[in-house]
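Novice: mmCIF, C-alpha atoms, saved as input.cif, coming up:
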data_work
#
loop_
_atom_site.group_PDB
_atom_site.id
_atom_site.type_symbol
_atom_site.label_atom_id
_atom_site.label_comp_id
_atom_site.auth_asym_id
_atom_site.auth_seq_id
_atom_site.Cartn_x
_atom_site.Cartn_y
_atom_site.Cartn_z
ATOM 1 C CA MET A 1 0.000 0.000 0.000
ATOM 2 C CA THR A 2 1.334 3.450 -0.848
ATOM 3 C CA MET A 3 2.153 5.964 1.868
ATOM 4 C CA SER A 4 -0.807 8.183 1.035
ATOM 5 C CA GLY A 5 -3.159 5.211 0.910
ATOM 6 C CA ARG A 6 -2.061 3.981 4.323
ATOM 7 C CA MET A 7 -2.421 7.446 5.808
ATOM 8 C CA THR A 8 -5.969 7.643 4.454
ATOM 9 C CA ASN A 9 -6.825 4.271 5.997
ATOM 10 C CA ILE A 10 -5.400 5.253 9.360
ATOM 11 C CA ALA A 11 -7.265 8.560 9.429
ATOM 12 C CA ALA A 12 -10.509 6.885 8.352
ATOM 13 C CA TRP A 13 -10.353 4.233 11.056
ATOM 14 C CA ILE A 14 -9.497 6.808 13.712
ATOM 15 C CA CYS A 15 -12.603 8.821 12.778
ATOM 16 C CA LEU A 16 -14.709 5.668 12.674
ATOM 17 C CA SER A 17 -13.470 4.508 16.060
ATOM 18 C CA LEU A 18 -14.414 7.856 17.594
ATOM 19 C CA LEU A 19 -17.905 7.674 16.123
ATOM 20 C CA ILE A 20 -18.840 4.131 17.080
ATOM 21 C CA GLY A 21 -16.553 3.479 20.025
ATOM 22 C CA PHE A 22 -14.177 0.863 18.570
ATOM 23 C CA ASP A 23 -11.360 -0.199 20.874
ATOM 24 C CA LEU A 24 -7.960 1.023 19.670
ATOM 25 C CA SER A 25 -6.724 -2.555 19.427
ATOM 26 C CA THR A 26 -9.525 -3.263 16.961
ATOM 27 C CA LEU A 27 -8.561 -0.124 15.084
ATOM 28 C CA ALA A 28 -5.010 -1.401 14.735
ATOM 29 C CA ALA A 29 -6.165 -4.801 13.506
ATOM 30 C CA MET A 30 -8.391 -3.323 10.795
ATOM 31 C CA ASN A 31 -5.709 -1.383 8.925
ATOM 32 C CA SER A 32 -2.106 -2.007 7.940
ATOM 33 C CA THR A 33 0.214 0.480 9.582
ATOM 34 C CA GLY A 34 3.619 1.144 8.075
ATOM 35 C CA LEU A 35 3.906 4.644 6.617
ATOM 36 C CA SER A 36 7.545 4.781 7.714
ATOM 37 C CA LEU A 37 8.237 1.413 6.068
ATOM 38 C CA ASP A 38 7.080 2.806 2.712
ATOM 39 C CA ALA A 39 8.822 6.193 3.029
ATOM 40 C CA VAL A 40 11.297 6.898 0.220
ATOM 41 C CA PRO A 41 13.748 9.788 -0.342
ATOM 42 C CA PRO A 42 13.309 12.369 -3.142
ATOM 43 C CA ARG A 43 15.542 10.622 -5.695
ATOM 44 C CA VAL A 44 13.528 7.402 -5.452
ATOM 45 C CA ALA A 45 10.212 9.279 -5.476
ATOM 46 C CA GLY A 46 11.261 11.332 -8.511
ATOM 47 C CA MET A 47 11.685 8.075 -10.446
ATOM 48 C CA ALA A 48 8.290 6.755 -9.249
ATOM 49 C CA GLY A 49 10.009 4.218 -6.985
ATOM 50 C CA ALA A 50 11.637 2.321 -9.888
ATOM 51 C CA PHE A 51 14.878 1.791 -8.011
ATOM 52 C CA SER A 52 15.419 -1.899 -7.192
ATOM 53 C CA ALA A 53 18.155 -2.309 -9.845
ATOM 54 C CA VAL A 54 19.904 1.048 -9.253
ATOM 55 C CA ASP A 55 23.232 1.465 -7.461
ATOM 56 C CA GLY A 56 21.887 4.159 -5.194
ATOM 57 C CA GLY A 57 23.766 4.281 -1.892
ATOM 58 C CA PRO A 58 21.524 5.542 0.962
ATOM 59 C CA ASP A 59 18.563 5.889 -1.436
ATOM 60 C CA SER A 60 18.599 2.114 -1.969
ATOM 61 C CA LEU A 61 17.950 1.357 1.705
ATOM 62 C CA SER A 62 14.232 2.052 1.232
ATOM 63 C CA VAL A 63 13.866 -0.163 -1.881
ATOM 64 C CA ASN A 64 16.623 -2.761 -2.287
ATOM 65 C CA PRO A 65 19.530 -2.743 0.199
ATOM 66 C CA ALA A 66 21.781 -4.468 -2.366
ATOM 67 C CA GLY A 67 22.275 -1.013 -3.891
ATOM 68 C CA ILE A 68 24.763 -0.142 -1.107
ATOM 69 C CA ALA A 69 27.236 -2.923 -1.928
ATOM 70 C CA GLY A 70 29.281 -0.798 -4.325
ATOM 71 C CA ILE A 71 29.834 2.253 -2.114
ATOM 72 C CA ARG A 72 33.388 3.545 -1.710
ATOM 73 C CA GLY A 73 33.117 6.325 0.866
ATOM 74 C CA CYS A 74 30.420 7.750 3.112
ATOM 75 C CA SER A 75 27.077 9.309 2.192
ATOM 76 C CA ILE A 76 24.387 10.850 4.421
ATOM 77 C CA LEU A 77 20.856 11.758 3.353
ATOM 78 C CA VAL A 78 18.139 13.665 5.215
ATOM 79 C CA SER A 79 14.651 13.953 3.710
ATOM 80 C CA TYR A 80 11.236 15.300 4.662
ATOM 81 C CA GLN A 81 7.721 14.934 3.309
ATOM 82 C CA ALA A 82 4.442 16.559 4.364
ATOM 83 C CA LEU A 83 1.839 13.820 3.901
ATOM 84 C CA ALA A 84 -1.119 16.034 4.818
ATOM 85 C CA ALA A 85 -1.894 19.002 7.051
ATOM 86 C CA GLY A 86 0.161 18.384 10.194
ATOM 87 C CA VAL A 87 1.215 14.873 9.126
ATOM 88 C CA TYR A 88 4.889 14.524 8.247
ATOM 89 C CA SER A 89 7.471 11.894 7.436
ATOM 90 C CA ALA A 90 11.170 12.448 8.166
ATOM 91 C CA GLN A 91 14.043 10.145 7.220
ATOM 92 C CA LEU A 92 17.751 9.935 7.976
ATOM 93 C CA ALA A 93 19.861 7.447 6.003
ATOM 94 C CA GLY A 94 23.567 6.874 5.813
ATOM 95 C CA VAL A 95 26.003 4.440 4.204
ATOM 96 C CA PHE A 96 29.690 3.899 4.910
ATOM 97 C CA ARG A 97 32.400 1.351 4.227
ATOM 98 C CA ILE A 98 34.576 -0.233 6.906
ATOM 99 C CA PRO A 99 37.919 -1.299 5.381
ATOM 100 C CA GLY A 100 38.310 -5.049 5.401
ATOM 101 C CA VAL A 101 34.700 -5.579 6.488
ATOM 102 C CA GLY A 102 32.419 -4.074 3.872
ATOM 103 C CA PRO A 103 29.605 -1.545 3.330
ATOM 104 C CA PHE A 104 27.010 -0.788 5.983
ATOM 105 C CA GLY A 105 23.851 1.317 5.949
ATOM 106 C CA VAL A 106 21.526 2.706 8.611
ATOM 107 C CA ARG A 107 18.043 4.163 8.247
ATOM 108 C CA LEU A 108 15.874 6.062 10.735
ATOM 109 C CA ASN A 109 12.303 7.045 9.864
ATOM 110 C CA ARG A 110 9.724 9.014 11.808
ATOM 111 C CA VAL A 111 6.036 9.565 10.964
ATOM 112 C CA ALA A 112 3.836 11.712 13.188
ATOM 113 C CA MET A 113 0.147 12.584 13.044
ATOM 114 C CA PRO A 114 -1.223 15.378 15.261
ATOM 115 C CA GLU A 115 -3.609 14.412 18.012
ATOM 116 C CA ALA A 116 -7.250 14.853 16.985
ATOM 117 C CA ASP A 117 -10.158 14.429 19.392
ATOM 118 C CA GLY A 118 -7.890 12.701 21.863
ATOM 119 C CA VAL A 119 -6.409 10.207 19.374
ATOM 120 C CA GLY A 120 -2.795 10.454 18.214
ATOM 121 C CA TYR A 121 -0.642 8.241 16.004
ATOM 122 C CA GLY A 122 3.094 7.919 15.388
ATOM 123 C CA GLU A 123 5.710 5.546 13.983
ATOM 124 C CA TRP A 124 9.432 4.903 14.318
ATOM 125 C CA LEU A 125 11.664 2.705 12.173
ATOM 126 C CA PHE A 126 15.328 1.928 12.731
ATOM 127 C CA SER A 127 17.198 -0.550 10.555
ATOM 128 C CA ALA A 128 20.784 -1.479 9.712
ATOM 129 C CA ALA A 129 22.011 -3.105 6.500
ATOM 130 C CA TYR A 130 25.107 -4.932 5.324
ATOM 131 C CA GLY A 131 26.103 -5.403 1.683
ATOM 132 C CA TYR A 132 28.503 -7.779 -0.044
ATOM 133 C CA ARG A 133 29.867 -7.789 -3.597
ATOM 134 C CA LEU A 134 30.359 -11.244 -5.107
ATOM 135 C CA LEU A 135 32.321 -11.941 -8.318
ATOM 136 C CA LYS A 136 32.463 -8.177 -9.061
ATOM 137 C CA PHE A 137 28.975 -8.116 -10.587
ATOM 138 C CA VAL A 138 26.628 -9.630 -7.986
ATOM 139 C CA ASP A 139 25.547 -7.521 -5.006
ATOM 140 C CA LEU A 140 23.869 -9.089 -1.977
ATOM 141 C CA ALA A 141 22.483 -7.353 1.098
ATOM 142 C CA ALA A 142 20.277 -7.793 4.139
ATOM 143 C CA ALA A 143 18.711 -5.205 6.429
ATOM 144 C CA ALA A 144 17.122 -5.785 9.820
ATOM 145 C CA GLY A 145 15.496 -3.424 12.259
ATOM 146 C CA ILE A 146 12.766 -2.458 14.657
ATOM 147 C CA PHE A 147 9.436 -0.900 13.679
ATOM 148 C CA SER A 148 7.262 0.763 16.318
ATOM 149 C CA ALA A 149 3.709 2.120 15.971
ATOM 150 C CA THR A 150 1.916 4.042 18.726
ATOM 151 C CA ILE A 151 -1.800 4.816 19.031
ATOM 152 C CA ASN A 152 -2.241 7.096 22.029
ATOM 153 C CA ASP A 153 -0.403 5.294 24.853
ATOM 154 C CA ARG A 154 -0.456 1.861 23.213
ATOM 155 C CA THR A 155 2.672 0.813 21.358
ATOM 156 C CA SER A 156 3.411 -2.192 19.200
ATOM 157 C CA VAL A 157 6.976 -3.171 18.303
ATOM 158 C CA SER A 158 7.863 -5.448 15.388
ATOM 159 C CA PHE A 159 11.003 -6.958 13.934
ATOM 160 C CA VAL A 160 11.422 -6.202 10.208
ATOM 161 C CA MET A 161 13.822 -7.478 7.560
ATOM 162 C CA ASP A 162 14.668 -6.680 3.915
ATOM 163 C CA LEU A 163 16.663 -8.936 1.577
ATOM 164 C CA GLY A 164 18.039 -7.911 -1.797
ATOM 165 C CA CYS A 165 20.154 -8.988 -4.753
ATOM 166 C CA ARG A 166 21.441 -6.954 -7.686
ATOM 167 C CA VAL A 167 23.305 -8.105 -10.803
ATOM 168 C CA SER A 168 25.075 -5.568 -13.028
ATOM 169 C CA PHE A 169 26.960 -5.918 -16.316
ATOM 170 C CA LEU A 170 29.127 -3.318 -18.026
ATOM 171 C CA ILE A 171 29.055 -3.412 -21.851
ATOM 172 C CA PRO A 172 32.007 -1.452 -23.303
ATOM 173 C CA ARG A 173 31.369 0.680 -26.381
ATOM 174 C CA LEU A 174 33.510 3.019 -28.483
ATOM 175 C CA VAL A 175 31.603 6.160 -27.501
ATOM 176 C CA ALA A 176 30.251 5.345 -24.038
ATOM 177 C CA ASP A 177 29.866 2.367 -21.735
ATOM 178 C CA HIS A 178 26.460 0.798 -21.308
ATOM 179 C CA ARG A 179 25.425 -0.747 -17.995
ATOM 180 C CA VAL A 180 22.533 -3.180 -17.634
ATOM 181 C CA SER A 181 21.370 -4.188 -14.166
ATOM 182 C CA ALA A 182 18.659 -6.315 -12.594
ATOM 183 C CA GLY A 183 17.449 -6.326 -9.025
ATOM 184 C CA VAL A 184 15.183 -8.468 -6.878
ATOM 185 C CA GLY A 185 14.223 -8.228 -3.232
ATOM 186 C CA VAL A 186 11.688 -8.784 -0.506
ATOM 187 C CA ARG A 187 10.711 -5.966 1.838
ATOM 188 C CA ASP A 188 9.074 -5.631 5.221
ATOM 189 C CA LEU A 189 9.256 -9.237 6.328
ATOM 190 C CA GLY A 190 8.431 -9.165 9.996
ATOM 191 C CA THR A 191 6.697 -10.415 13.074
ATOM 192 C CA GLY A 192 3.560 -8.299 12.657
ATOM 193 C CA GLN A 193 2.047 -5.927 15.170
ATOM 194 C CA ARG A 194 -0.010 -6.582 18.251
ATOM 195 C CA PHE A 195 -2.075 -4.021 20.166
ATOM 196 C CA VAL A 196 -3.348 -5.676 23.359
ATOM 197 C CA SER A 197 -5.094 -8.790 21.992
ATOM 198 C CA ASP A 198 -5.477 -8.144 18.254
ATOM 199 C CA SER A 199 -2.631 -8.425 15.726
ATOM 200 C CA VAL A 200 -2.035 -7.415 12.132
ATOM 201 C CA SER A 201 0.700 -8.519 9.739
ATOM 202 C CA LEU A 202 3.009 -6.099 7.979
ATOM 203 C CA ASN A 203 2.730 -5.548 4.240
ATOM 204 C CA HIS A 204 5.279 -7.883 2.635
ATOM 205 C CA TRP A 205 6.523 -6.767 -0.784
ATOM 206 C CA PHE A 206 8.295 -8.724 -3.511
ATOM 207 C CA VAL A 207 10.151 -6.356 -5.854
ATOM 208 C CA ILE A 208 11.816 -7.044 -9.185
ATOM 209 C CA GLY A 209 13.272 -4.565 -11.640
ATOM 210 C CA ALA A 210 15.837 -3.659 -14.275
ATOM 211 C CA SER A 211 17.843 -0.579 -15.220
ATOM 212 C CA TYR A 212 19.887 0.647 -18.167
ATOM 213 C CA SER A 213 22.385 3.500 -18.132
ATOM 214 C CA ILE A 214 24.567 5.173 -20.726
ATOM 215 C CA ALA A 215 26.504 8.390 -20.298
ATOM 216 C CA ARG A 216 24.078 10.874 -18.664
ATOM 217 C CA LEU A 217 20.903 8.776 -18.908
ATOM 218 C CA LEU A 218 19.480 6.209 -16.482
ATOM 219 C CA VAL A 219 16.208 4.358 -17.175
ATOM 220 C CA ALA A 220 14.651 1.917 -14.680
ATOM 221 C CA ALA A 221 11.491 -0.179 -14.383
ATOM 222 C CA ASP A 222 10.066 -1.993 -11.354
ATOM 223 C CA ALA A 223 7.239 -4.344 -10.540
ATOM 224 C CA ARG A 224 6.156 -4.533 -6.897
ATOM 225 C CA PHE A 225 3.851 -7.254 -5.629
ATOM 226 C CA LEU A 226 2.087 -7.100 -2.282
ATOM 227 C CA MET A 227 2.193 -10.597 -0.814
ATOM 228 C CA ASN A 228 -0.379 -10.283 1.962
ATOM 229 C CA TYR A 229 -4.170 -10.536 1.706
ATOM 230 C CA GLU A 230 -4.515 -7.670 -0.795
ATOM 231 C CA GLN A 231 -2.245 -9.296 -3.432
ATOM 232 C CA ARG A 232 -1.794 -6.018 -5.296
ATOM 233 C CA ALA A 233 0.654 -5.261 -8.118
ATOM 234 C CA VAL A 234 2.284 -1.877 -8.723
ATOM 235 C CA TYR A 235 4.307 -1.089 -11.869
ATOM 236 C CA ALA A 236 6.711 1.828 -12.183
ATOM 237 C CA LEU A 237 8.900 3.374 -14.869
ATOM 238 C CA GLY A 238 11.425 6.101 -14.098
ATOM 239 C CA ALA A 239 14.315 7.998 -15.694
ATOM 240 C CA GLU A 240 17.140 10.276 -14.597
ATOM 241 C CA TYR A 241 19.129 12.586 -16.885
ATOM 242 C CA ALA A 242 22.147 14.751 -16.070
ATOM 243 C CA LEU A 243 21.674 18.151 -17.694
ATOM 244 C CA ALA A 244 25.045 19.111 -16.257
ATOM 245 C CA ARG A 245 27.532 17.644 -13.815
ATOM 246 C CA SER A 246 25.675 19.182 -10.879
ATOM 247 C CA LEU A 247 22.098 19.280 -12.177
ATOM 248 C CA LEU A 248 19.927 16.191 -12.649
ATOM 249 C CA ILE A 249 16.298 15.935 -13.707
ATOM 250 C CA ARG A 250 14.034 12.945 -13.013
ATOM 251 C CA GLY A 251 10.600 11.725 -13.968
ATOM 252 C CA GLY A 252 8.445 8.659 -13.569
ATOM 253 C CA VAL A 253 5.025 7.098 -13.822
ATOM 254 C CA GLU A 254 3.440 4.569 -11.478
ATOM 255 C CA LYS A 255 0.477 2.300 -12.228
ATOM 256 C CA ASP A 256 -1.273 1.109 -9.076
ATOM 257 C CA GLY A 257 -4.437 -0.745 -10.064
ATOM 258 C CA PRO A 258 -6.783 1.760 -11.711
ATOM 259 C CA GLN A 259 -4.666 4.723 -10.522
ATOM 260 C CA THR A 260 -1.850 6.283 -12.511
ATOM 261 C CA ARG A 261 0.480 8.717 -10.752
ATOM 262 C CA PHE A 262 3.228 10.878 -12.253
ATOM 263 C CA TYR A 263 6.398 12.096 -10.530
ATOM 264 C CA PHE A 264 9.030 14.738 -11.169
ATOM 265 C CA GLY A 265 12.360 15.385 -9.448
ATOM 266 C CA LEU A 266 15.439 17.622 -9.408
ATOM 267 C CA SER A 267 18.888 17.398 -7.855
ATOM 268 C CA LEU A 268 21.392 20.236 -7.555
ATOM 269 C CA ALA A 269 24.863 19.573 -6.141
ATOM 270 C CA ALA A 270 28.031 21.467 -5.307
ATOM 271 C CA ALA A 271 31.501 20.423 -4.161
ATOM 272 C CA PHE A 272 33.254 21.945 -1.151
ATOM 273 C CA ALA A 273 36.798 20.650 -0.657
ATOM 274 C CA SER A 274 36.435 16.879 -0.184
ATOM 275 C CA VAL A 275 32.678 17.016 0.492
ATOM 276 C CA ARG A 276 30.018 17.011 -2.208
ATOM 277 C CA THR A 277 26.632 18.289 -1.057
ATOM 278 C CA GLY A 278 23.304 18.349 -2.827
ATOM 279 C CA ALA A 279 19.689 19.452 -2.510
ATOM 280 C CA GLU A 280 16.959 17.203 -3.873
ATOM 281 C CA TYR A 281 13.298 17.705 -4.622
ATOM 282 C CA ALA A 282 10.486 15.447 -5.829
ATOM 283 C CA PHE A 283 6.960 16.432 -6.816
ATOM 284 C CA ASN A 284 3.830 14.376 -7.367
ATOM 285 C CA PRO A 285 1.196 16.525 -9.187
ATOM 286 C CA VAL A 286 -1.670 14.089 -8.562
ATOM 287 C CA SER A 287 -1.357 12.040 -5.388
ATOM 288 C CA VAL A 288 -3.736 9.409 -4.079
ATOM 289 C CA LEU A 289 -5.448 12.148 -2.054
ATOM 290 C CA GLY A 290 -5.877 14.275 -5.177
ATOM 291 C CA ASN A 291 -3.502 16.953 -3.887
ATOM 292 C CA PRO A 292 0.109 17.685 -4.927
ATOM 293 C CA GLY A 293 2.833 16.131 -2.775
ATOM 294 C CA SER A 294 6.444 17.243 -2.302
ATOM 295 C CA ARG A 295 9.600 15.746 -0.821
ATOM 296 C CA LEU A 296 12.754 17.628 0.113
ATOM 297 C CA GLY A 297 16.193 16.202 0.781
ATOM 298 C CA LEU A 298 19.789 17.128 1.585
ATOM 299 C CA ARG A 299 22.756 14.854 1.044
ATOM 300 C CA ALA A 300 26.468 14.935 1.716
ATOM 301 C CA ASP A 301 29.038 12.600 0.136
ATOM 302 C CA PHE A 302 32.483 12.247 1.704
#
Could you take the file, read its structure, and then write that structure out as structure tokens?

Specialist:
Amino acid sequence: MTMSGRMTNIAAWICLSLLIGFDLSTLAAMNSTGLSLDAVPPRVAGMAGAFSAVDGGPDSLSVNPAGIAGIRGCSILVSYQALAAGVYSAQLAGVFRIPGVGPFGVRLNRVAMPEADGVGYGEWLFSAAYGYRLLKFVDLAAAAGIFSATINDRTSVSFVMDLGCRVSFLIPRLVADHRVSAGVGVRDLGTGQRFVSDSVSLNHWFVIGASYSIARLLVAADARFLMNYEQRAVYALGAEYALARSLLIRGGVEKDGPQTRFYFGLSLAAAFASVRTGAEYAFNPVSVLGNPGSRLGLRADF
């Protein structure tokens, strides 16, 4: 389920529980929480989420952790999204390499909804990932963490895990090198959530995708399949083009059942001594709620 869709479900069940007196544990069992599990940074959003086969550093932690296996230095990303009036999602992600050990990644997400009529909701997610490059063209990774959801004073804590694999081939050409990659992963495997007596499983996703890059152009396509009771399929196509060394433009389209959503993104970077910093932006003109949605991000590469 998309972030906007989950937020709508949560808000609807909160209103319904206030009207007819549902217990909060029943409320939790009747919708799938996990806005922070679905949160993605601006670069991923600008390409409509088509990112499972991309070598993306900290951006990959939200889609396919195998994308961190090729990192050389350290990269930190901070992003923010306003989901609705007073409802926000904030994310901190970082990747780094330990010599002789390998690449690691950490991700911290926070989603908060203001208290309304005595009912409040919030989420936390913390996960750590480890990547490994095999035979110079196969990337493997696993991420594990803790997901917490709170409704008023009732909190449920779950264990979550992501697994990913990425295969990439470089095809030399006279003018420019071509790179073809494929990625596959499973996301949000976990123990489910329990509020008092009722429990609800997390949304488990199976993701498969491919990407092609040459010179300044990157094109990627993903198919995401929800493996729980909804059994929904989401298809995405995204592209990224470097207008200049420090200016990138992105776009994408996502097909989620009968809904089609379009995305747009920008990235502007600058180098200061040994640190390269950048500002990122992603825009969704027609969201699930019918309103525009924006994401902002700042990154630093060392």

Novice: Using the chain letters and numbering of this document, enumerate as number ranges by chain the residues selected by the PyMOL selection byres ((chain A and resi 269) around 7).

Specialist: A: 246-247, 267-268, 270-271, 276-279

Novice: Within 7 Å of Gly49 (chain A), counting all atoms listed in the file, which residues show up once you throw out same-chain ones fewer than 3 positions away? Write them as a list of chain:residue names, please.

Specialist: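 The contact residues come out as A:Val44, A:Ala45, A:Ala236.
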
Novice: If I take CA of Gln193 (chain A) and CA of Pro41 (chain A), how far is one from the other in Å, to one decimal?

Specialist: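 Separation between CA of Gln193 (chain A) and CA of Pro41 (chain A): 25.0 Å.
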
Novice: Do you know which residues are at most 6 Å from region 108-120 of chain A counting only C-alpha atoms, after dropping those on the same chain fewer than 5 positions away, and could you put them as a list in words?

Specialist: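 Listed by chain and then number, they are Ser36, Val87, Tyr88, Ser89, Ala90, Gln91, Leu92, Leu125, Phe126, Ile151 and Asn152 of chain A.
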
Novice: Give me a file of those residues, with C-alpha atoms, as a CSV table (one decimal), in the coordinates of the input.

Specialist:
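This went into selection-v3.csv:
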chain,number,residue,atom,x,y,z
A,36,SER,CA,7.5,4.8,7.7
A,87,VAL,CA,1.2,14.9,9.1
A,88,TYR,CA,4.9,14.5,8.2
A,89,SER,CA,7.5,11.9,7.4
A,90,ALA,CA,11.2,12.4,8.2
A,91,GLN,CA,14.0,10.1,7.2
A,92,LEU,CA,17.8,9.9,8.0
A,125,LEU,CA,11.7,2.7,12.2
A,126,PHE,CA,15.3,1.9,12.7
A,151,ILE,CA,-1.8,4.8,19.0
A,152,ASN,CA,-2.2,7.1,22.0

Novice: I need the residue set behind the PyMOL selection byres ((chain A and resi 242) around 12) for this file; please write it as a PyMOL selection string.

Specialist: chain A and resi 213-218+239-241+243-250+265-269

Novice: With C-alpha atoms retained, could you export that selection as an mmCIF file, keeping the file's coordinate frame?

Specialist:
data_model
loop_
_atom_site.group_PDB
_atom_site.id
_atom_site.type_symbol
_atom_site.label_atom_id
_atom_site.label_comp_id
_atom_site.auth_asym_id
_atom_site.auth_seq_id
_atom_site.Cartn_x
_atom_site.Cartn_y
_atom_site.Cartn_z
ATOM 1 C CA SER A 213 22.385 3.500 -18.132
ATOM 2 C CA ILE A 214 24.567 5.173 -20.726
ATOM 3 C CA ALA A 215 26.504 8.390 -20.298
ATOM 4 C CA ARG A 216 24.078 10.874 -18.664
ATOM 5 C CA LEU A 217 20.903 8.776 -18.908
ATOM 6 C CA LEU A 218 19.480 6.209 -16.482
ATOM 7 C CA ALA A 239 14.315 7.998 -15.694
ATOM 8 C CA GLU A 240 17.140 10.276 -14.597
ATOM 9 C CA TYR A 241 19.129 12.586 -16.885
ATOM 10 C CA LEU A 243 21.674 18.151 -17.694
ATOM 11 C CA ALA A 244 25.045 19.111 -16.257
ATOM 12 C CA ARG A 245 27.532 17.644 -13.815
ATOM 13 C CA SER A 246 25.675 19.182 -10.879
ATOM 14 C CA LEU A 247 22.098 19.280 -12.177
ATOM 15 C CA LEU A 248 19.927 16.191 -12.649
ATOM 16 C CA ILE A 249 16.298 15.935 -13.707
ATOM 17 C CA ARG A 250 14.034 12.945 -13.013
ATOM 18 C CA GLY A 265 12.360 15.385 -9.448
ATOM 19 C CA LEU A 266 15.439 17.622 -9.408
ATOM 20 C CA SER A 267 18.888 17.398 -7.855
ATOM 21 C CA LEU A 268 21.392 20.236 -7.555
ATOM 22 C CA ALA A 269 24.863 19.573 -6.141
#

Novice: Go ahead and compute the interatomic distance for CA of Leu83 (chain A) and CA of Asn284 (chain A), in Å to one decimal.

Specialist: 11.5 Å

Novice: Determine the residue membership of the PyMOL selection byres ((chain A and resi 143) around 8) for the file above and supply it as JSON, numbers by chain.

Specialist: {"A": [65, 127, 128, 129, 130, 141, 142, 144, 145, 161, 162, 163]}

Novice: Neighbours of region 176-192 of chain A within 9 Å (only C-alpha atoms; same-chain residues fewer than 4 positions away dropped), as a PyMOL selection string?

Specialist: chain A and resi 37+51-55+62-67+156-172+199-215+222

Novice: Let me see the file: selected residues, C-alpha atoms, as a PDB file, in the coordinates of the input.

Specialist:
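That gives us out25.pdb:
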ATOM      1  CA  LEU A  37       8.237   1.413   6.068  1.00  0.00           C
ATOM      2  CA  PHE A  51      14.878   1.791  -8.011  1.00  0.00           C
ATOM      3  CA  SER A  52      15.419  -1.899  -7.192  1.00  0.00           C
ATOM      4  CA  ALA A  53      18.155  -2.309  -9.845  1.00  0.00           C
ATOM      5  CA  VAL A  54      19.904   1.048  -9.253  1.00  0.00           C
ATOM      6  CA  ASP A  55      23.232   1.465  -7.461  1.00  0.00           C
ATOM      7  CA  SER A  62      14.232   2.052   1.232  1.00  0.00           C
ATOM      8  CA  VAL A  63      13.866  -0.163  -1.881  1.00  0.00           C
ATOM      9  CA  ASN A  64      16.623  -2.761  -2.287  1.00  0.00           C
ATOM     10  CA  PRO A  65      19.530  -2.743   0.199  1.00  0.00           C
ATOM     11  CA  ALA A  66      21.781  -4.468  -2.366  1.00  0.00           C
ATOM     12  CA  GLY A  67      22.275  -1.013  -3.891  1.00  0.00           C
ATOM     13  CA  SER A 156       3.411  -2.192  19.200  1.00  0.00           C
ATOM     14  CA  VAL A 157       6.976  -3.171  18.303  1.00  0.00           C
ATOM     15  CA  SER A 158       7.863  -5.448  15.388  1.00  0.00           C
ATOM     16  CA  PHE A 159      11.003  -6.958  13.934  1.00  0.00           C
ATOM     17  CA  VAL A 160      11.422  -6.202  10.208  1.00  0.00           C
ATOM     18  CA  MET A 161      13.822  -7.478   7.560  1.00  0.00           C
ATOM     19  CA  ASP A 162      14.668  -6.680   3.915  1.00  0.00           C
ATOM     20  CA  LEU A 163      16.663  -8.936   1.577  1.00  0.00           C
ATOM     21  CA  GLY A 164      18.039  -7.911  -1.797  1.00  0.00           C
ATOM     22  CA  CYS A 165      20.154  -8.988  -4.753  1.00  0.00           C
ATOM     23  CA  ARG A 166      21.441  -6.954  -7.686  1.00  0.00           C
ATOM     24  CA  VAL A 167      23.305  -8.105 -10.803  1.00  0.00           C
ATOM     25  CA  SER A 168      25.075  -5.568 -13.028  1.00  0.00           C
ATOM     26  CA  PHE A 169      26.960  -5.918 -16.316  1.00  0.00           C
ATOM     27  CA  LEU A 170      29.127  -3.318 -18.026  1.00  0.00           C
ATOM     28  CA  ILE A 171      29.055  -3.412 -21.851  1.00  0.00           C
ATOM     29  CA  PRO A 172      32.007  -1.452 -23.303  1.00  0.00           C
ATOM     30  CA  SER A 199      -2.631  -8.425  15.726  1.00  0.00           C
ATOM     31  CA  VAL A 200      -2.035  -7.415  12.132  1.00  0.00           C
ATOM     32  CA  SER A 201       0.700  -8.519   9.739  1.00  0.00           C
ATOM     33  CA  LEU A 202       3.009  -6.099   7.979  1.00  0.00           C
ATOM     34  CA  ASN A 203       2.730  -5.548   4.240  1.00  0.00           C
ATOM     35  CA  HIS A 204       5.279  -7.883   2.635  1.00  0.00           C
ATOM     36  CA  TRP A 205       6.523  -6.767  -0.784  1.00  0.00           C
ATOM     37  CA  PHE A 206       8.295  -8.724  -3.511  1.00  0.00           C
ATOM     38  CA  VAL A 207      10.151  -6.356  -5.854  1.00  0.00           C
ATOM     39  CA  ILE A 208      11.816  -7.044  -9.185  1.00  0.00           C
ATOM     40  CA  GLY A 209      13.272  -4.565 -11.640  1.00  0.00           C
ATOM     41  CA  ALA A 210      15.837  -3.659 -14.275  1.00  0.00           C
ATOM     42  CA  SER A 211      17.843  -0.579 -15.220  1.00  0.00           C
ATOM     43  CA  TYR A 212      19.887   0.647 -18.167  1.00  0.00           C
ATOM     44  CA  SER A 213      22.385   3.500 -18.132  1.00  0.00           C
ATOM     45  CA  ILE A 214      24.567   5.173 -20.726  1.00  0.00           C
ATOM     46  CA  ALA A 215      26.504   8.390 -20.298  1.00  0.00           C
ATOM     47  CA  ASP A 222      10.066  -1.993 -11.354  1.00  0.00           C
TER      48      ASP A 222
END

Novice: Record the distance separating CA of Glu254 (chain A) and CA of Phe283 (chain A), expressed in Å with one decimal.

Specialist: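 Value for the CA of Glu254 (chain A)-CA of Phe283 (chain A) distance: 13.2 Å.
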
Novice: When you look at Val101 (chain A) with a cut-off of 12 Å (counting all atoms listed in the file), what residues show up, excluding the ones that are within fewer than 6 positions of it in the same chain? I need them as a ChimeraX atom specification.

Specialist: /A:69,130-133

Novice: Which residue out of A:Leu35, A:Ile68, A:Leu61, A:Val40 has the minimum interatomic distance to Tyr121 (chain A) when all atoms listed in the file are used?

Specialist: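 Closest to Tyr121 (chain A), using all atoms listed in the file: A:Leu35.
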